[in-house]
Structures are given as structure tokens and as C-alpha cells.
Amino acid sequence: MDLDQLETPAAVVDLDIMAANLARMAAYCRAHGLGWRPHTKTHKSPLVAAAQLRAGATGLTVATLREAEVMAGLSDDLLLAYPPVGPAKLARLMRLDPWPARLRVALDSIDVLEPLGRAALVAGREVGVLIELDAGMHRVGVQSPADAVRLARAVASTGGVRYDGVLFYPGHIRDSVDDQAPALIALSTTLSHFLSALREAGLPPRVVSGGSTPSVWRSHEMPGLTEVRAGTTVFSDRTTAAIGVCDWSECAYSVLATVVSTTVPGQAVIDAGSKALSKEELRGSGGGFGALLDDPNVVVSGLSEEHGLLDLTRSARRPKIGDRVRVVPNHVCVSVNLQETVWGLERGVVVTSWPVEGRGR
């Protein structure tokens with residue numbers, strides 16, 4: 001069907017751009033000898049995950065048990081990059097069906113390790129463990145090489161689990177791609193200290209999992225890295241374009257919206273608000289909550305739950321009531337999680353759709 005037949009707001013993806021984004025990511029990883037384990041939190045869709053695997057992904061990363069349940073049937077190599085805390089979550093993890101041949105969990109404490117090991121033993125399972133390192137973001141992760149060694153030894157001596165390596169997330173590096181060198185040098189120094197300590201303790205990590213979307217194209221500069229988990233590159237968004245991770249033309253995802261009011265001078269109002277775009281402001285210059293795909297000078301300057309305010313002051317464009325526009329959100333992952341369905345486009349025509357199956361808990 002034609003785009004005009006969709007009821008708005010509606011999430012749409014240009015399939016040819018998505019395919020090109022997947023090919024670019026796969027080619028980068030091949031060129032640098034890196035595994036590609038994309039984070040499915042961006043799209044939460046088995047259909048998109050299957051496309052990533054066909055393009056060359058070696059496994060999948062998930063953040064929630066719902067995502068794990070949805071993705072388990074697609075890949076036998078699954079990483080839960082989040083510590084499962086509490087009996088309910090551990091029981092749910094052990095019930096994954098089908099059980100991946102290689103299931104790994106990231107954690108940073110014995111308090112998570114010991115219950116995980118017990119649950120795995122009771123279920124007759126074995127779970128690989130990646131020790132999460134704090135490489136500079138200061139959100140989670142062991143704080144020192146000595147802490148990493150102590151936890152790795154504990155993993156190696158705990159039943160039901162297997163020491164596979166380490167994981168880190170350089171989410172603190174959000175500079176433009178060309179300005180990341182100082183932060184990457186500091187990260188590399190920190191990572192080298194962790195890896196050296198583990199090797200000297202006789203616990204060399206087989207897996208060193210890292211890579212964020214902002215720093216993804218410089219992942220090969222991180223010493224010892226074996227795989228990247230960047231997820232946003234499948235769709236890209238306004239933030240990744242703003243820092244040079246992608247070109248604006250590589251933004252595959254947008255929210256189709258309808259202009260519903262033009263009474264206030266200098267602006268138009270669309271029917272896509274915070275419940276479609278998410279209320280996450282752009283870091284750095286530009287501000288706002290999104291921009292029009294075909295005219296980035298038109299910025300979503302304000303959001304209510306169901307209203308989006310388009311600032312027209314930097315553009316000659318003057319939309320009329322009933323006009324359709326496509327908004328590229330600042331953060332695609334959050335916007336996708338707000339959708340029930342995503343519509344796939346080829347040359348501007350709707351050719352398919354899929355449910356966002358990994359939403360919720």
C-alpha cells in the first residue's frame with residue numbers, strides 16, 4: 001500500500017537503507033577480524049535479527065529476558081548483556097526454549113554469580129560468563145584489574161557456569177567520530193591493564209566483547225577486542241548522524257506523522273508526540289527531539305504525549321493540515337520500543353510489516 005494509507009503515527013523503515021547498513025557493518029567486522037554480535041534492543045524484532053544473521057552476524061546480544069525469549073530460536077549463540085537478579089528472572093532464563101548452544105551472561109559481582117551457578121546446576125545447564133569491566137562509563141563493571149581477577153577465579157571455580165571472558169561498554173564516548181582519539185587512548189589503556197592482569201593470572205579471556213554505536217567505526221583501535229555489539233547501526237538516528245557515525249541518508253527508521261494544526265505562527269503540530277518519538281533531547285547543538293527526514297532544518301522543538309511541535313523558522317517549508325511528514329527521532333531504540341508494528345518500505349511503498357515482539361518484560 002501507499003504511505004498515505006497508513007494511520008499515523010506509524011514507524012517505517014526503508015528496507016534498502018537497512019540492508020546497506022547491515023552490509024556496511026558486516027564488511028567492517030570482516031575487514032578487522034572482529035565478530036559481530038548486534039544488540040537487538042534497537043529493533044526487538046526476530047525478522048530484523050534474522051536479516052543481521054544472514055548478513056554475517058555471529059550471534060546476538062539481548063538486554064532483557066523478553067528479548068532473549070524472542071531471539072533464542074534464531075541463534076545458538078546468545079549474550080544476555082545484563083545481570084539476571086532474583087529467582088523469577090533466573091528461572092525464566094533457565095526455561096529458554098530452545099536452549100542456545102552458547103548462552104552467555106554478563107555480570108560484575110559474586111552476588112549475581114552464585115545464584116546463577118546454582119540455578120544452572122539445578123536446571124542441568126551451563127552458562128558462559130563474561131565479567132563486565134568499568135572501562136570509563138562508571139555505570140556498572142568491576143572497578144580494577146584485581147577485582148576482575150578475583151571474580152574470574154570465582155567464576156572458574158563455580159559449578160554451572162563457565163569463564164569465557166570479559167565485556168565492556170564504552171558508552172561514555174559520545175564525541176564526534178573525528179574527535180574520539182583522546183577518549184579512545186584512555187579506554188585502550190584501561191582495557192590493556194584489565195587484560196594484562198587476567199593473562200598474568202592464567203585467566204586469559206577468550207571473548208573480549210565491546211563496541212558502542214558512537215565509537216563503532218573505531219572499534220579496531222581497542223586492543224584485544226574480539227567482537228562488537230553496536231546495535232543502532234541497523235537503523236541509525238539523528239544522534240548517530242550528528243556525531244558522524246552515519247550520513248543523514250543512512251537513517252532507515254522514521255516515524256510517519258500527520259500535520260494536525262498550523263495556527264501558531266512559525267510552527268506546525270503533528271500527531272506524533274512523546275509516545276511515538278520518546279522525549280530524549282539531542283546532545284550537543286541542534287536541540288529538539290527529532291528532525292524531518294527530507295528537511296533536517298525542521299526540528300521537533302517540543303513534545304507532549306500526542307503532540308509534536310515542528311519549528312519552521314529555519315526552513316521555507318510551510319506544511320498544511322493533512323500533510324504527511326517523516327520524523328527521524330534522536331534515539332531510535334527508545335522510539336521502536338514504543339511501537340506495536342513497524343512498516344517496511346521499498347521505494348516509498350509499504351511492502352511488509354512486522355510486530356515489535358521483544359517489547360516489554
# chains A, B, ... in the order shown; residues from 1 in each chain; ligands from 1

call {"tool": "residues_around", "arguments": {"residues": "A:Leu282", "least_positions_apart": "5", "cutoff": "8 Å", "atoms": "only C-alpha atoms", "output": "VMD selection string"}}
result
chain A and resid 238 to 239 287 to 290 330

call {"tool": "residues_around", "arguments": {"residues": "stretch 78-87 of chain A", "least_positions_apart": "3", "cutoff": "7 Å", "atoms": "only C-alpha atoms", "output": "list in words"}}
result
Gly59, Leu60, Thr61, Val62, Ala63, Ser75, Leu90, Ala91, Pro100, Arg102, Leu103, Arg104, Val105, Ala106, Leu107 and Val112 of chain A

call {"tool": "atom_distance", "arguments": {"atom1": "atom CA of A:Leu6", "atom2": "atom CA of A:Val260"}}
result
15.4 Å

call {"tool": "atom_distance", "arguments": {"atom1": "atom CA of A:Gly35", "atom2": "atom CA of A:Thr232"}}
result
16.5 Å

call {"tool": "residues_around", "arguments": {"residues": "A:Leu74", "least_positions_apart": "6", "cutoff": "8 Å", "atoms": "only C-alpha atoms", "output": "PyMOL selection string"}}
result
chain A and resi 46+49-50

call {"tool": "write_last_selection", "arguments": {"atoms": "all heavy atoms", "output": "compact mmCIF listing (two decimals), in the first residue's frame"}}
result
# COMPACT_ATOMS: atom_id res chain seq x y z
N PRO A 46 12.54 -10.40 15.66
CA PRO A 46 13.19 -11.57 15.07
C PRO A 46 13.44 -11.42 13.58
O PRO A 46 14.44 -11.92 13.06
CB PRO A 46 12.19 -12.71 15.35
CG PRO A 46 11.39 -12.23 16.50
CD PRO A 46 11.29 -10.74 16.35
N ALA A 49 16.54 -9.34 13.28
CA ALA A 49 17.68 -10.13 13.76
C ALA A 49 18.07 -11.19 12.75
O ALA A 49 19.27 -11.44 12.53
CB ALA A 49 17.32 -10.78 15.10
N ALA A 50 17.09 -11.81 12.11
CA ALA A 50 17.39 -12.81 11.09
C ALA A 50 18.14 -12.18 9.92
O ALA A 50 19.06 -12.79 9.36
CB ALA A 50 16.10 -13.46 10.61

call {"tool": "atom_distance", "arguments": {"atom1": "atom CA of A:Gly128", "atom2": "atom CA of A:Val155"}}
result
9.3 Å

call {"tool": "closest_residue", "arguments": {"among": "A:Pro355, A:Leu167, A:Arg361, A:Met94", "to": "A:Leu191", "atoms": "only C-alpha atoms"}}
result
A:Leu167

call {"tool": "residues_around", "arguments": {"residues": "stretch 203-215 of chain A", "least_positions_apart": "5", "cutoff": "7 Å", "atoms": "only C-alpha atoms", "output": "PDB file with N, CA, C and O atoms, in the first residue's frame"}}
result
ATOM      1  N   ASP A 164      34.262 -17.319  30.266  1.00  0.00           N
ATOM      2  CA  ASP A 164      34.514 -17.132  28.837  1.00  0.00           C
ATOM      3  C   ASP A 164      35.290 -15.873  28.503  1.00  0.00           C
ATOM      4  O   ASP A 164      35.891 -15.782  27.437  1.00  0.00           O
ATOM      5  N   GLY A 165      35.238 -14.868  29.386  1.00  0.00           N
ATOM      6  CA  GLY A 165      35.967 -13.650  29.064  1.00  0.00           C
ATOM      7  C   GLY A 165      35.376 -12.429  29.718  1.00  0.00           C
ATOM      8  O   GLY A 165      34.838 -12.497  30.830  1.00  0.00           O
ATOM      9  N   VAL A 166      35.481 -11.307  29.019  1.00  0.00           N
ATOM     10  CA  VAL A 166      35.077 -10.021  29.597  1.00  0.00           C
ATOM     11  C   VAL A 166      34.211  -9.247  28.618  1.00  0.00           C
ATOM     12  O   VAL A 166      34.193  -9.514  27.407  1.00  0.00           O
ATOM     13  N   LEU A 167      33.518  -8.273  29.175  1.00  0.00           N
ATOM     14  CA  LEU A 167      32.631  -7.404  28.399  1.00  0.00           C
ATOM     15  C   LEU A 167      32.781  -5.988  28.931  1.00  0.00           C
ATOM     16  O   LEU A 167      32.958  -5.788  30.141  1.00  0.00           O
ATOM     17  N   PHE A 168      32.710  -5.013  28.044  1.00  0.00           N
ATOM     18  CA  PHE A 168      32.694  -3.613  28.481  1.00  0.00           C
ATOM     19  C   PHE A 168      31.846  -2.815  27.496  1.00  0.00           C
ATOM     20  O   PHE A 168      31.596  -3.244  26.361  1.00  0.00           O
ATOM     21  N   TYR A 169      31.380  -1.671  27.951  1.00  0.00           N
ATOM     22  CA  TYR A 169      30.564  -0.799  27.104  1.00  0.00           C
ATOM     23  C   TYR A 169      31.122   0.614  27.174  1.00  0.00           C
ATOM     24  O   TYR A 169      31.028   1.270  28.216  1.00  0.00           O
ATOM     25  N   PRO A 170      31.722   1.104  26.083  1.00  0.00           N
ATOM     26  CA  PRO A 170      32.302   2.445  26.099  1.00  0.00           C
ATOM     27  C   PRO A 170      31.262   3.531  25.810  1.00  0.00           C
ATOM     28  O   PRO A 170      31.440   4.398  24.945  1.00  0.00           O
ATOM     29  N   GLY A 171      30.140   3.481  26.545  1.00  0.00           N
ATOM     30  CA  GLY A 171      29.050   4.419  26.285  1.00  0.00           C
ATOM     31  C   GLY A 171      29.360   5.850  26.674  1.00  0.00           C
ATOM     32  O   GLY A 171      28.581   6.756  26.346  1.00  0.00           O
ATOM     33  N   ILE A 173      31.848   7.452  25.516  1.00  0.00           N
ATOM     34  CA  ILE A 173      32.462   8.100  24.349  1.00  0.00           C
ATOM     35  C   ILE A 173      31.345   8.484  23.388  1.00  0.00           C
ATOM     36  O   ILE A 173      30.797   7.635  22.667  1.00  0.00           O
ATOM     37  N   ARG A 174      31.001   9.759  23.384  1.00  0.00           N
ATOM     38  CA  ARG A 174      29.910  10.243  22.547  1.00  0.00           C
ATOM     39  C   ARG A 174      30.336  11.447  21.715  1.00  0.00           C
ATOM     40  O   ARG A 174      29.496  12.172  21.185  1.00  0.00           O
ATOM     41  N   VAL A 177      32.988  11.402  15.705  1.00  0.00           N
ATOM     42  CA  VAL A 177      33.920  10.330  15.370  1.00  0.00           C
ATOM     43  C   VAL A 177      35.347  10.845  15.227  1.00  0.00           C
ATOM     44  O   VAL A 177      36.299  10.217  15.705  1.00  0.00           O
ATOM     45  N   LEU A 198      44.512 -10.284  33.793  1.00  0.00           N
ATOM     46  CA  LEU A 198      43.856 -11.587  33.618  1.00  0.00           C
ATOM     47  C   LEU A 198      44.799 -12.602  32.989  1.00  0.00           C
ATOM     48  O   LEU A 198      44.846 -13.771  33.395  1.00  0.00           O
ATOM     49  N   GLY A 224      42.826  -5.998  21.853  1.00  0.00           N
ATOM     50  CA  GLY A 224      42.297  -7.256  22.349  1.00  0.00           C
ATOM     51  C   GLY A 224      40.843  -7.519  22.042  1.00  0.00           C
ATOM     52  O   GLY A 224      40.327  -8.607  22.326  1.00  0.00           O
ATOM     53  N   LEU A 225      40.139  -6.549  21.488  1.00  0.00           N
ATOM     54  CA  LEU A 225      38.715  -6.712  21.217  1.00  0.00           C
ATOM     55  C   LEU A 225      38.481  -7.876  20.251  1.00  0.00           C
ATOM     56  O   LEU A 225      39.181  -8.009  19.248  1.00  0.00           O
ATOM     57  N   THR A 226      37.481  -8.715  20.567  1.00  0.00           N
ATOM     58  CA  THR A 226      37.170  -9.841  19.678  1.00  0.00           C
ATOM     59  C   THR A 226      35.820  -9.693  18.994  1.00  0.00           C
ATOM     60  O   THR A 226      35.580 -10.323  17.965  1.00  0.00           O
ATOM     61  N   GLU A 227      34.901  -8.893  19.574  1.00  0.00           N
ATOM     62  CA  GLU A 227      33.577  -8.742  18.958  1.00  0.00           C
ATOM     63  C   GLU A 227      32.979  -7.390  19.316  1.00  0.00           C
ATOM     64  O   GLU A 227      33.324  -6.790  20.335  1.00  0.00           O
ATOM     65  N   VAL A 228      32.076  -6.916  18.452  1.00  0.00           N
ATOM     66  CA  VAL A 228      31.375  -5.655  18.695  1.00  0.00           C
ATOM     67  C   VAL A 228      29.879  -5.924  18.794  1.00  0.00           C
ATOM     68  O   VAL A 228      29.343  -6.787  18.103  1.00  0.00           O
ATOM     69  N   ARG A 229      29.219  -5.124  19.659  1.00  0.00           N
ATOM     70  CA  ARG A 229      27.803  -5.327  19.911  1.00  0.00           C
ATOM     71  C   ARG A 229      26.941  -4.152  19.455  1.00  0.00           C
ATOM     72  O   ARG A 229      25.748  -4.112  19.758  1.00  0.00           O
ATOM     73  N   ALA A 230      27.505  -3.188  18.771  1.00  0.00           N
ATOM     74  CA  ALA A 230      26.743  -1.992  18.387  1.00  0.00           C
ATOM     75  C   ALA A 230      25.418  -2.378  17.728  1.00  0.00           C
ATOM     76  O   ALA A 230      25.384  -3.207  16.823  1.00  0.00           O
ATOM     77  N   GLY A 231      24.329  -1.755  18.189  1.00  0.00           N
ATOM     78  CA  GLY A 231      23.013  -2.117  17.689  1.00  0.00           C
ATOM     79  C   GLY A 231      22.359  -1.072  16.821  1.00  0.00           C
ATOM     80  O   GLY A 231      21.644  -1.396  15.856  1.00  0.00           O
ATOM     81  N   THR A 232      22.576   0.209  17.113  1.00  0.00           N
ATOM     82  CA  THR A 232      21.839   1.274  16.434  1.00  0.00           C
ATOM     83  C   THR A 232      22.153   1.361  14.952  1.00  0.00           C
ATOM     84  O   THR A 232      21.354   1.891  14.167  1.00  0.00           O
ATOM     85  N   THR A 233      23.292   0.839  14.535  1.00  0.00           N
ATOM     86  CA  THR A 233      23.698   0.962  13.129  1.00  0.00           C
ATOM     87  C   THR A 233      22.711   0.326  12.154  1.00  0.00           C
ATOM     88  O   THR A 233      22.718   0.667  10.978  1.00  0.00           O
ATOM     89  N   THR A 240      23.247   9.590  15.860  1.00  0.00           N
ATOM     90  CA  THR A 240      24.388   8.984  15.173  1.00  0.00           C
ATOM     91  C   THR A 240      24.798   9.807  13.956  1.00  0.00           C
ATOM     92  O   THR A 240      25.979   9.907  13.638  1.00  0.00           O
ATOM     93  N   VAL A 245      28.650   9.164  12.803  1.00  0.00           N
ATOM     94  CA  VAL A 245      28.669   7.709  12.691  1.00  0.00           C
ATOM     95  C   VAL A 245      28.021   7.269  11.383  1.00  0.00           C
ATOM     96  O   VAL A 245      28.372   6.230  10.816  1.00  0.00           O
TER      97      VAL A 245
END

call {"tool": "select_by_dssp", "arguments": {"residues": "stretch 130-259 of chain A", "states": "helix (DSSP H, G or I)", "output": "short mmCIF file (atom, residue, chain, number, x, y, z; two decimals) with N, CA, C and O atoms, in the first residue's frame"}}
result
data_model
loop_
_atom_site.label_atom_id
_atom_site.label_comp_id
_atom_site.auth_asym_id
_atom_site.auth_seq_id
_atom_site.Cartn_x
_atom_site.Cartn_y
_atom_site.Cartn_z
N PRO A 145 41.63 -4.07 37.82
CA PRO A 145 42.12 -5.36 37.33
C PRO A 145 42.14 -6.43 38.41
O PRO A 145 41.83 -7.60 38.14
N ALA A 146 42.47 -6.06 39.64
CA ALA A 146 42.48 -7.04 40.73
C ALA A 146 41.07 -7.58 40.98
O ALA A 146 40.89 -8.78 41.23
N ASP A 147 40.07 -6.70 40.91
CA ASP A 147 38.68 -7.15 41.07
C ASP A 147 38.30 -8.11 39.95
O ASP A 147 37.59 -9.10 40.18
N ALA A 148 38.75 -7.83 38.74
CA ALA A 148 38.44 -8.71 37.60
C ALA A 148 39.05 -10.08 37.81
O ALA A 148 38.41 -11.11 37.53
N VAL A 149 40.28 -10.12 38.29
CA VAL A 149 40.95 -11.40 38.53
C VAL A 149 40.21 -12.19 39.60
O VAL A 149 39.97 -13.40 39.47
N ARG A 150 39.84 -11.52 40.69
CA ARG A 150 39.13 -12.22 41.78
C ARG A 150 37.81 -12.81 41.29
O ARG A 150 37.48 -13.96 41.60
N LEU A 151 37.08 -12.04 40.51
CA LEU A 151 35.79 -12.53 40.03
C LEU A 151 35.98 -13.63 38.99
O LEU A 151 35.23 -14.62 38.98
N ALA A 152 36.99 -13.51 38.15
CA ALA A 152 37.25 -14.56 37.16
C ALA A 152 37.61 -15.88 37.86
O ALA A 152 37.18 -16.96 37.42
N ARG A 153 38.38 -15.80 38.91
CA ARG A 153 38.72 -17.02 39.66
C ARG A 153 37.46 -17.64 40.28
O ARG A 153 37.30 -18.87 40.31
N ALA A 154 36.58 -16.77 40.77
CA ALA A 154 35.34 -17.28 41.37
C ALA A 154 34.48 -17.96 40.31
O ALA A 154 33.88 -19.02 40.57
N VAL A 155 34.42 -17.37 39.13
CA VAL A 155 33.65 -17.99 38.04
C VAL A 155 34.23 -19.35 37.70
O VAL A 155 33.51 -20.35 37.54
N ALA A 156 35.55 -19.40 37.58
CA ALA A 156 36.22 -20.65 37.19
C ALA A 156 36.00 -21.76 38.20
O ALA A 156 36.10 -22.95 37.85
N VAL A 177 32.99 11.40 15.71
CA VAL A 177 33.92 10.33 15.37
C VAL A 177 35.35 10.85 15.23
O VAL A 177 36.30 10.22 15.70
N ASP A 178 35.51 12.01 14.62
CA ASP A 178 36.85 12.55 14.38
C ASP A 178 37.52 13.08 15.65
O ASP A 178 38.72 13.36 15.64
N ASP A 179 36.74 13.24 16.73
CA ASP A 179 37.28 13.82 17.96
C ASP A 179 37.42 12.79 19.09
O ASP A 179 37.62 13.16 20.25
N ALA A 181 39.76 10.43 19.56
CA ALA A 181 41.08 9.87 19.83
C ALA A 181 41.49 9.92 21.30
O ALA A 181 41.94 8.91 21.86
N PRO A 182 41.39 11.07 22.00
CA PRO A 182 41.83 11.09 23.40
C PRO A 182 41.05 10.10 24.27
O PRO A 182 41.65 9.40 25.10
N ALA A 183 39.74 10.03 24.08
CA ALA A 183 38.93 9.10 24.87
C ALA A 183 39.27 7.66 24.53
O ALA A 183 39.29 6.79 25.42
N LEU A 184 39.54 7.38 23.27
CA LEU A 184 39.89 6.01 22.87
C LEU A 184 41.25 5.59 23.42
O LEU A 184 41.45 4.43 23.79
N ILE A 185 42.20 6.52 23.48
CA ILE A 185 43.51 6.22 24.06
C ILE A 185 43.37 5.88 25.54
O ILE A 185 43.94 4.89 26.03
N ALA A 186 42.55 6.67 26.25
CA ALA A 186 42.33 6.39 27.67
C ALA A 186 41.63 5.04 27.86
O ALA A 186 42.00 4.25 28.75
N LEU A 187 40.66 4.77 27.02
CA LEU A 187 39.95 3.49 27.09
C LEU A 187 40.90 2.33 26.82
O LEU A 187 40.89 1.31 27.53
N SER A 188 41.73 2.47 25.81
CA SER A 188 42.66 1.41 25.45
C SER A 188 43.64 1.12 26.58
O SER A 188 43.98 -0.04 26.84
N THR A 189 44.09 2.17 27.26
CA THR A 189 45.00 1.99 28.39
C THR A 189 44.31 1.22 29.52
O THR A 189 44.88 0.27 30.09
N THR A 190 43.08 1.62 29.82
CA THR A 190 42.33 0.94 30.88
C THR A 190 42.10 -0.53 30.52
O THR A 190 42.31 -1.43 31.33
N LEU A 191 41.68 -0.76 29.29
CA LEU A 191 41.40 -2.13 28.86
C LEU A 191 42.67 -2.99 28.89
O LEU A 191 42.64 -4.16 29.30
N SER A 192 43.78 -2.42 28.47
CA SER A 192 45.04 -3.17 28.48
C SER A 192 45.43 -3.62 29.88
O SER A 192 45.92 -4.74 30.08
N HIS A 193 45.20 -2.75 30.88
CA HIS A 193 45.50 -3.12 32.26
C HIS A 193 44.66 -4.31 32.70
O HIS A 193 45.17 -5.25 33.34
N PHE A 194 43.38 -4.28 32.39
CA PHE A 194 42.49 -5.40 32.75
C PHE A 194 42.95 -6.69 32.07
O PHE A 194 43.08 -7.74 32.73
N LEU A 195 43.20 -6.64 30.77
CA LEU A 195 43.54 -7.85 30.03
C LEU A 195 44.89 -8.41 30.46
O LEU A 195 45.07 -9.63 30.57
N SER A 196 45.84 -7.53 30.72
CA SER A 196 47.16 -7.99 31.17
C SER A 196 47.06 -8.71 32.51
O SER A 196 47.69 -9.76 32.72
N ALA A 197 46.29 -8.15 33.42
CA ALA A 197 46.15 -8.77 34.75
C ALA A 197 45.51 -10.15 34.64
O ALA A 197 45.92 -11.10 35.32
N LEU A 198 44.51 -10.28 33.79
CA LEU A 198 43.86 -11.59 33.62
C LEU A 198 44.80 -12.60 32.99
O LEU A 198 44.85 -13.77 33.39
N ARG A 199 45.57 -12.17 32.01
CA ARG A 199 46.53 -13.09 31.38
C ARG A 199 47.59 -13.53 32.38
O ARG A 199 47.96 -14.70 32.45
N GLU A 200 48.10 -12.58 33.16
CA GLU A 200 49.15 -12.91 34.13
C GLU A 200 48.63 -13.85 35.22
O GLU A 200 49.40 -14.63 35.80
N VAL A 216 31.75 2.87 17.06
CA VAL A 216 31.81 1.57 16.38
C VAL A 216 32.86 1.51 15.28
O VAL A 216 33.56 0.50 15.13
N TRP A 217 33.01 2.58 14.49
CA TRP A 217 33.94 2.52 13.35
C TRP A 217 35.40 2.66 13.79
O TRP A 217 36.30 2.57 12.95
N ARG A 218 35.63 2.83 15.09
CA ARG A 218 36.99 2.85 15.62
C ARG A 218 37.22 1.70 16.59
O ARG A 218 38.18 1.71 17.37
N SER A 219 36.34 0.70 16.51
CA SER A 219 36.45 -0.45 17.42
C SER A 219 37.78 -1.18 17.25
O SER A 219 38.32 -1.74 18.21
N HIS A 220 38.32 -1.19 16.03
CA HIS A 220 39.57 -1.91 15.78
C HIS A 220 40.76 -1.27 16.50
O HIS A 220 41.83 -1.87 16.59
N GLU A 221 40.56 -0.06 17.03
CA GLU A 221 41.63 0.60 17.77
C GLU A 221 41.68 0.16 19.23
O GLU A 221 42.58 0.57 19.97
N THR A 232 22.58 0.21 17.11
CA THR A 232 21.84 1.27 16.43
C THR A 232 22.15 1.36 14.95
O THR A 232 21.35 1.89 14.17
N THR A 233 23.29 0.84 14.54
CA THR A 233 23.70 0.96 13.13
C THR A 233 22.71 0.33 12.15
O THR A 233 22.72 0.67 10.98
N VAL A 234 21.87 -0.58 12.61
CA VAL A 234 20.90 -1.21 11.70
C VAL A 234 19.93 -0.17 11.15
O VAL A 234 19.53 -0.24 9.98
N ARG A 238 19.06 10.37 14.52
CA ARG A 238 19.55 11.75 14.44
C ARG A 238 20.84 11.93 15.22
O ARG A 238 21.74 12.67 14.81
N THR A 239 20.97 11.24 16.35
CA THR A 239 22.18 11.36 17.15
C THR A 239 23.39 10.79 16.43
O THR A 239 24.47 11.40 16.40
N THR A 240 23.25 9.59 15.86
CA THR A 240 24.39 8.98 15.17
C THR A 240 24.80 9.81 13.96
O THR A 240 25.98 9.91 13.64
N ALA A 241 23.82 10.42 13.29
CA ALA A 241 24.15 11.29 12.16
C ALA A 241 24.87 12.54 12.64
O ALA A 241 25.82 13.02 12.00
N ALA A 242 24.45 13.08 13.78
CA ALA A 242 25.02 14.32 14.28
C ALA A 242 26.49 14.18 14.66
O ALA A 242 27.26 15.13 14.53
N TRP A 248 23.15 11.35 6.98
CA TRP A 248 21.71 11.50 7.15
C TRP A 248 20.95 10.55 6.21
O TRP A 248 19.91 10.01 6.58
N SER A 249 21.51 10.30 5.06
CA SER A 249 20.87 9.42 4.08
C SER A 249 20.87 7.97 4.53
O SER A 249 20.20 7.12 3.92
N GLU A 250 21.62 7.64 5.59
CA GLU A 250 21.67 6.27 6.10
C GLU A 250 20.70 6.03 7.26
O GLU A 250 20.72 4.96 7.87
#

call {"tool": "residues_around", "arguments": {"residues": "stretch 337-354 of chain A", "least_positions_apart": "6", "cutoff": "9 Å", "atoms": "only C-alpha atoms", "output": "VMD selection string"}}
result
chain A and resid 1 to 3 6 10 to 16 41 to 45 47 275 to 278 360

call {"tool": "write_last_selection", "arguments": {"atoms": "N, CA and C atoms", "output": "PDB file, in the first residue's frame"}}
result
ATOM      1  N   MET A   1       0.836  -1.188   0.000  1.00  0.00           N
ATOM      2  CA  MET A   1       0.000   0.000   0.000  1.00  0.00           C
ATOM      3  C   MET A   1       0.871   1.239   0.000  1.00  0.00           C
ATOM      4  N   ASP A   2       0.244   2.361  -0.281  1.00  0.00           N
ATOM      5  CA  ASP A   2       0.939   3.631  -0.282  1.00  0.00           C
ATOM      6  C   ASP A   2       1.055   4.148   1.145  1.00  0.00           C
ATOM      7  N   LEU A   3       2.071   4.964   1.402  1.00  0.00           N
ATOM      8  CA  LEU A   3       2.262   5.531   2.734  1.00  0.00           C
ATOM      9  C   LEU A   3       1.033   6.298   3.210  1.00  0.00           C
ATOM     10  N   LEU A   6      -1.465   4.569   5.544  1.00  0.00           N
ATOM     11  CA  LEU A   6      -1.148   4.211   6.924  1.00  0.00           C
ATOM     12  C   LEU A   6      -1.769   5.204   7.891  1.00  0.00           C
ATOM     13  N   ALA A  10       3.091   6.240  12.665  1.00  0.00           N
ATOM     14  CA  ALA A  10       3.488   4.886  12.273  1.00  0.00           C
ATOM     15  C   ALA A  10       4.993   4.838  12.090  1.00  0.00           C
ATOM     16  N   ALA A  11       5.615   3.786  12.603  1.00  0.00           N
ATOM     17  CA  ALA A  11       7.058   3.583  12.440  1.00  0.00           C
ATOM     18  C   ALA A  11       7.320   2.930  11.094  1.00  0.00           C
ATOM     19  N   VAL A  12       8.206   3.520  10.314  1.00  0.00           N
ATOM     20  CA  VAL A  12       8.508   2.984   8.988  1.00  0.00           C
ATOM     21  C   VAL A  12      10.014   2.834   8.821  1.00  0.00           C
ATOM     22  N   VAL A  13      10.400   1.833   8.045  1.00  0.00           N
ATOM     23  CA  VAL A  13      11.816   1.550   7.790  1.00  0.00           C
ATOM     24  C   VAL A  13      12.029   1.388   6.294  1.00  0.00           C
ATOM     25  N   ASP A  14      13.002   2.106   5.748  1.00  0.00           N
ATOM     26  CA  ASP A  14      13.414   1.914   4.356  1.00  0.00           C
ATOM     27  C   ASP A  14      14.291   0.671   4.295  1.00  0.00           C
ATOM     28  N   LEU A  15      13.769  -0.382   3.687  1.00  0.00           N
ATOM     29  CA  LEU A  15      14.441  -1.676   3.722  1.00  0.00           C
ATOM     30  C   LEU A  15      15.756  -1.672   2.953  1.00  0.00           C
ATOM     31  N   ASP A  16      15.830  -0.903   1.885  1.00  0.00           N
ATOM     32  CA  ASP A  16      17.080  -0.873   1.121  1.00  0.00           C
ATOM     33  C   ASP A  16      18.190  -0.191   1.923  1.00  0.00           C
ATOM     34  N   LYS A  41      18.297  -4.811  21.164  1.00  0.00           N
ATOM     35  CA  LYS A  41      17.430  -3.849  21.842  1.00  0.00           C
ATOM     36  C   LYS A  41      17.006  -2.725  20.912  1.00  0.00           C
ATOM     37  N   THR A  42      17.758  -2.491  19.840  1.00  0.00           N
ATOM     38  CA  THR A  42      17.393  -1.430  18.909  1.00  0.00           C
ATOM     39  C   THR A  42      16.098  -1.745  18.194  1.00  0.00           C
ATOM     40  N   HIS A  43      15.971  -2.976  17.703  1.00  0.00           N
ATOM     41  CA  HIS A  43      14.810  -3.307  16.865  1.00  0.00           C
ATOM     42  C   HIS A  43      13.827  -4.258  17.515  1.00  0.00           C
ATOM     43  N   LYS A  44      14.281  -5.100  18.459  1.00  0.00           N
ATOM     44  CA  LYS A  44      13.426  -6.039  19.195  1.00  0.00           C
ATOM     45  C   LYS A  44      12.586  -6.920  18.271  1.00  0.00           C
ATOM     46  N   SER A  45      13.142  -7.256  17.126  1.00  0.00           N
ATOM     47  CA  SER A  45      12.375  -7.991  16.115  1.00  0.00           C
ATOM     48  C   SER A  45      13.137  -9.208  15.613  1.00  0.00           C
ATOM     49  N   LEU A  47      12.556 -10.724  12.886  1.00  0.00           N
ATOM     50  CA  LEU A  47      12.739 -10.544  11.442  1.00  0.00           C
ATOM     51  C   LEU A  47      14.014  -9.758  11.156  1.00  0.00           C
ATOM     52  N   LYS A 275       4.929   9.703  23.007  1.00  0.00           N
ATOM     53  CA  LYS A 275       4.565   8.289  22.990  1.00  0.00           C
ATOM     54  C   LYS A 275       4.888   7.619  21.655  1.00  0.00           C
ATOM     55  N   ALA A 276       5.431   8.388  20.718  1.00  0.00           N
ATOM     56  CA  ALA A 276       5.876   7.811  19.448  1.00  0.00           C
ATOM     57  C   ALA A 276       7.358   8.047  19.204  1.00  0.00           C
ATOM     58  N   LEU A 277       7.863   9.197  19.671  1.00  0.00           N
ATOM     59  CA  LEU A 277       9.248   9.572  19.377  1.00  0.00           C
ATOM     60  C   LEU A 277      10.182   9.377  20.567  1.00  0.00           C
ATOM     61  N   SER A 278       9.662   9.474  21.770  1.00  0.00           N
ATOM     62  CA  SER A 278      10.397   9.481  23.039  1.00  0.00           C
ATOM     63  C   SER A 278      10.921  10.890  23.323  1.00  0.00           C
ATOM     64  N   GLY A 360       8.496  -4.906  26.094  1.00  0.00           N
ATOM     65  CA  GLY A 360       8.015  -5.295  27.410  1.00  0.00           C
ATOM     66  C   GLY A 360       8.992  -6.192  28.134  1.00  0.00           C
TER      67      GLY A 360
END
